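Notes for the one structure printed next.
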Amino acid sequence: MKLAEWLESAAVAAQQIASEALAARELHWSGLTRDPLPGDVCGIYIPLMMDGIALQLGVLATRDVCAALASALLGGDEPMESDEDVFDAVGEIANLIAGTFKVLLADQLNVRVGVPLAMKGRVITLGGSQSLHGVLAIDQRSVWLAMAGTKTR
Amino acid sequence: MKILIVDDSKAMRMIVRRTLRQAGFGDHAVTEANNGKEALDAVHQAVPDLILSDWNMPEMSGIELLDSLRAEGVSVKFGFVTTERTPEMRARAAEAGASFLIVKPFTPEDFKDALTPLVG
């Protein structure tokens, strides 16, 4: 599979989780976009490992949207204010997406899910590694799904 | 009954607590641990009646926790609350001695179905 196909699978998983766990009513996936990531996004990267392939799935948004996602995960009745609580909850959302991603691909591949890692600040790729992304609008809030990867020959 | 929730996400521990209440298990005493190692330490202090554990956690995973408990001869009732749901993972959980596996995201009905045979 190509990186863009991994990203599309992650988008399917993310839409399922947004609907089931965040009670989202309106979802729109932009598909792969070449527009650069905004400078003020933060969020979570979670490792997805297969034989000879290591992917990183990013779930990125502005700080305000991250807080809204965190609150939605908790049913909307728990305000999320501290960075620690917000990124903990977004990490769980990323974990849910990764778990669904794993199930979607279970017939083809054995995906192992790692522990989420919070990132805050402008996200850039390092060392020439490839990273693709697209925008998932969840109730009109933009969430960038990013996929970066390396593999062995 | 004493229930120990093990998950490295504070948000998920809150959700599990709330779901226990919604499923009708709100009158049980609930404690929390941040990972398998913390849970193992907690069990050494006082053995709960039921452990609800995530699978993927830093320090010590849920399956490592269950294996450690069974190796020590601790037969506490144990269930996973996890995104892991492939047949291989379900088989691994059952083989290690887990009574059930609840898949995230879950509903109060999922908790009722899994816990009622164990706790009534």
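So you can find residues: chains in the structure tokens are A, B, ... in the order shown, residues in each start at 1, and ligands are numbered from 1 in order.
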Can you tell me which residues surround Arg21 (chain B) at a distance of at most 12 Å, considering only C-alpha atoms, apart from same-chain residues fewer than 6 positions away, and format the answer as a ChimeraX atom specification? /B:14-15,27-30,107-109,111-112
12 Å contacts from chain B to chain A using only C-alpha atoms, as a VMD selection string: chain B and resid 7 to 19 35 54 to 61 81 to 89 103 to 107
Could you please take those selected residues and save C-alpha atoms as an mmCIF file, in the first residue's frame?
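Once written, result-v4.cif looks like this:
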```cif
data_model
loop_
_atom_site.group_PDB
_atom_site.id
_atom_site.type_symbol
_atom_site.label_atom_id
_atom_site.label_comp_id
_atom_site.auth_asym_id
_atom_site.auth_seq_id
_atom_site.Cartn_x
_atom_site.Cartn_y
_atom_site.Cartn_z
ATOM 1 C CA ASP B 7 -5.783 2.866 31.765
ATOM 2 C CA ASP B 8 -3.006 5.336 30.954
ATOM 3 C CA SER B 9 -5.597 7.877 29.790
ATOM 4 C CA LYS B 10 -7.277 9.927 32.516
ATOM 5 C CA ALA B 11 -10.077 10.721 30.074
ATOM 6 C CA MET B 12 -10.741 7.043 29.450
ATOM 7 C CA ARG B 13 -10.708 6.261 33.176
ATOM 8 C CA MET B 14 -13.367 8.973 33.612
ATOM 9 C CA ILE B 15 -15.410 7.501 30.769
ATOM 10 C CA VAL B 16 -15.189 3.993 32.215
ATOM 11 C CA ARG B 17 -16.300 5.299 35.636
ATOM 12 C CA ARG B 18 -19.248 7.109 34.058
ATOM 13 C CA THR B 19 -20.190 4.065 31.996
ATOM 14 C CA ASN B 35 -0.634 1.408 33.907
ATOM 15 C CA ASP B 54 -6.677 -1.265 28.828
ATOM 16 C CA TRP B 55 -4.326 -3.325 26.649
ATOM 17 C CA ASN B 56 -1.724 -0.870 25.302
ATOM 18 C CA MET B 57 -0.055 1.085 28.099
ATOM 19 C CA PRO B 58 3.466 2.271 28.872
ATOM 20 C CA GLU B 59 5.504 0.620 31.668
ATOM 21 C CA MET B 60 3.415 -2.564 31.659
ATOM 22 C CA SER B 61 0.671 -3.514 29.213
ATOM 23 C CA VAL B 81 -11.490 -2.490 27.851
ATOM 24 C CA THR B 82 -9.507 -1.816 24.728
ATOM 25 C CA THR B 83 -9.375 -0.955 21.053
ATOM 26 C CA GLU B 84 -7.774 -4.362 20.464
ATOM 27 C CA ARG B 85 -10.468 -6.555 18.927
ATOM 28 C CA THR B 86 -8.959 -8.807 16.297
ATOM 29 C CA PRO B 87 -9.682 -12.542 16.713
ATOM 30 C CA GLU B 88 -6.001 -13.085 17.553
ATOM 31 C CA MET B 89 -6.106 -10.556 20.383
ATOM 32 C CA VAL B 103 -14.195 -2.863 22.660
ATOM 33 C CA LYS B 104 -13.727 0.930 22.726
ATOM 34 C CA PRO B 105 -15.813 2.907 21.982
ATOM 35 C CA PHE B 106 -18.397 1.146 24.124
ATOM 36 C CA THR B 107 -21.914 1.648 25.481
#
```
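Compared by their closest atoms to Gly58 (chain A), and using only C-alpha atoms, the residues A:His28, A:Arg141, A:Arg34, A:Lys120 rank with A:Lys120 nearest.
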Write down as an NGL selection string the residues of chain A whose backbone DSSP state falls under alpha helix (DSSP H). :A and (3-21 or 63-73 or 83-104)
Store the residues of this selection in a file with C-alpha atoms, as a compact mmCIF listing (two decimals), in the first residue's frame.
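Full text of result08.txt as output:
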```
# COMPACT_ATOMS: atom_id res chain seq x y z
CA LEU A 3 1.17 6.28 2.01
CA ALA A 4 -1.92 7.94 0.49
CA GLU A 5 -3.83 4.66 0.85
CA TRP A 6 -2.83 4.38 4.51
CA LEU A 7 -4.11 7.93 4.97
CA GLU A 8 -7.42 7.11 3.31
CA SER A 9 -7.86 4.09 5.60
CA ALA A 10 -7.12 6.30 8.60
CA ALA A 11 -9.74 8.78 7.37
CA VAL A 12 -12.37 6.01 7.20
CA ALA A 13 -11.45 4.99 10.75
CA ALA A 14 -11.52 8.60 11.97
CA GLN A 15 -14.98 9.19 10.54
CA GLN A 16 -16.26 6.06 12.25
CA ILE A 17 -14.81 7.17 15.60
CA ALA A 18 -16.03 10.76 15.19
CA SER A 19 -19.52 9.42 14.65
CA GLU A 20 -19.50 6.77 17.42
CA ALA A 21 -17.32 8.26 20.16
CA ARG A 63 -5.71 24.10 20.52
CA ASP A 64 -9.36 25.20 20.70
CA VAL A 65 -10.51 22.36 18.47
CA CYS A 66 -8.42 19.87 20.44
CA ALA A 67 -10.24 21.06 23.58
CA ALA A 68 -13.61 20.69 21.83
CA LEU A 69 -12.74 17.15 20.70
CA ALA A 70 -11.65 16.27 24.23
CA SER A 71 -14.90 17.58 25.65
CA ALA A 72 -16.91 15.69 23.05
CA LEU A 73 -15.15 12.45 23.98
CA ASP A 83 -3.00 20.92 28.17
CA GLU A 84 -2.43 17.67 30.03
CA ASP A 85 -6.13 16.80 30.08
CA VAL A 86 -6.78 17.97 26.51
CA PHE A 87 -3.90 16.01 24.97
CA ASP A 88 -4.64 12.98 27.12
CA ALA A 89 -8.16 12.91 25.66
CA VAL A 90 -6.99 13.60 22.10
CA GLY A 91 -4.48 10.78 22.58
CA GLU A 92 -7.36 8.49 23.42
CA ILE A 93 -9.20 9.63 20.29
CA ALA A 94 -6.07 8.83 18.26
CA ASN A 95 -5.92 5.46 19.99
CA LEU A 96 -9.54 4.75 19.03
CA ILE A 97 -8.82 5.71 15.42
CA ALA A 98 -5.73 3.49 15.39
CA GLY A 99 -7.71 0.57 16.78
CA THR A 100 -10.33 0.93 14.06
CA PHE A 101 -7.58 1.35 11.43
CA LYS A 102 -6.11 -1.94 12.64
CA VAL A 103 -9.45 -3.73 12.28
CA LEU A 104 -10.08 -2.26 8.81
```
If you run DSSP over the backbone, which residues in chain B end up strand (DSSP E)? Put them as a list in words. Lys2, Ile3, Leu4, Ile5, Val6, Ala29, Val30, Thr31, Glu32, Ala33, Leu50, Ile51, Leu52, Ser53, Lys77, Phe78, Gly79, Phe80, Val81, Thr82, Phe100, Leu101, Ile102 and Val103 of chain B
Those residues with N, CA and C atoms, as a CSV table (one decimal), in the first residue's frame please?
```csv
chain,number,residue,atom,x,y,z
B,2,LYS,N,-15.1,-4.3,44.9
B,2,LYS,CA,-14.1,-3.3,44.5
B,2,LYS,C,-13.6,-3.5,43.1
B,3,ILE,N,-13.7,-2.5,42.3
B,3,ILE,CA,-13.3,-2.5,40.9
B,3,ILE,C,-12.1,-1.6,40.7
B,4,LEU,N,-11.1,-2.2,40.0
B,4,LEU,CA,-9.9,-1.4,39.7
B,4,LEU,C,-9.8,-1.1,38.2
B,5,ILE,N,-9.8,0.2,37.8
B,5,ILE,CA,-9.7,0.6,36.4
B,5,ILE,C,-8.3,0.9,36.1
B,6,VAL,N,-7.8,0.3,35.0
B,6,VAL,CA,-6.4,0.5,34.6
B,6,VAL,C,-6.3,1.0,33.2
B,29,ALA,N,-17.2,0.2,44.8
B,29,ALA,CA,-16.1,1.0,45.1
B,29,ALA,C,-15.1,0.9,43.9
B,30,VAL,N,-14.7,2.1,43.3
B,30,VAL,CA,-13.8,2.1,42.2
B,30,VAL,C,-12.5,2.8,42.5
B,31,THR,N,-11.4,2.1,42.1
B,31,THR,CA,-10.1,2.8,42.2
B,31,THR,C,-9.5,2.7,40.9
B,32,GLU,N,-8.3,3.5,40.7
B,32,GLU,CA,-7.7,3.6,39.4
B,32,GLU,C,-6.2,3.4,39.4
B,33,ALA,N,-5.7,2.9,38.3
B,33,ALA,CA,-4.2,2.8,38.2
B,33,ALA,C,-3.9,3.3,36.8
B,50,LEU,N,-12.6,-7.1,40.8
B,50,LEU,CA,-12.6,-7.1,39.3
B,50,LEU,C,-11.6,-6.1,38.8
B,51,ILE,N,-10.9,-6.4,37.8
B,51,ILE,CA,-10.0,-5.4,37.1
B,51,ILE,C,-10.5,-5.2,35.7
B,52,LEU,N,-10.6,-3.9,35.4
B,52,LEU,CA,-11.0,-3.5,34.0
B,52,LEU,C,-9.7,-2.8,33.4
B,53,SER,N,-9.1,-3.4,32.5
B,53,SER,CA,-7.8,-2.9,32.0
B,53,SER,C,-7.7,-2.6,30.5
B,77,LYS,N,-10.9,-11.6,39.0
B,77,LYS,CA,-11.6,-11.5,37.7
B,77,LYS,C,-11.1,-10.3,36.9
B,78,PHE,N,-10.9,-10.6,35.6
B,78,PHE,CA,-10.2,-9.6,34.8
B,78,PHE,C,-10.8,-9.5,33.5
B,79,GLY,N,-11.1,-8.2,33.0
B,79,GLY,CA,-11.6,-8.0,31.7
B,79,GLY,C,-10.8,-6.8,31.0
B,80,PHE,N,-10.7,-6.9,29.7
B,80,PHE,CA,-10.1,-5.8,29.0
B,80,PHE,C,-11.1,-4.8,28.5
B,81,VAL,N,-10.7,-3.6,28.5
B,81,VAL,CA,-11.5,-2.5,27.9
B,81,VAL,C,-10.5,-1.8,26.9
B,82,THR,N,-10.6,-2.1,25.6
B,82,THR,CA,-9.5,-1.8,24.7
B,82,THR,C,-10.0,-1.6,23.3
B,100,PHE,N,-13.6,-11.3,29.8
B,100,PHE,CA,-14.3,-10.6,28.7
B,100,PHE,C,-13.4,-9.6,28.1
B,101,LEU,N,-13.8,-9.1,26.9
B,101,LEU,CA,-13.1,-8.0,26.2
B,101,LEU,C,-14.1,-7.0,25.7
B,102,ILE,N,-14.1,-5.8,26.3
B,102,ILE,CA,-15.0,-4.8,25.8
B,102,ILE,C,-14.3,-3.9,24.9
B,103,VAL,N,-14.9,-3.6,23.7
B,103,VAL,CA,-14.2,-2.9,22.7
B,103,VAL,C,-14.6,-1.4,22.8
```
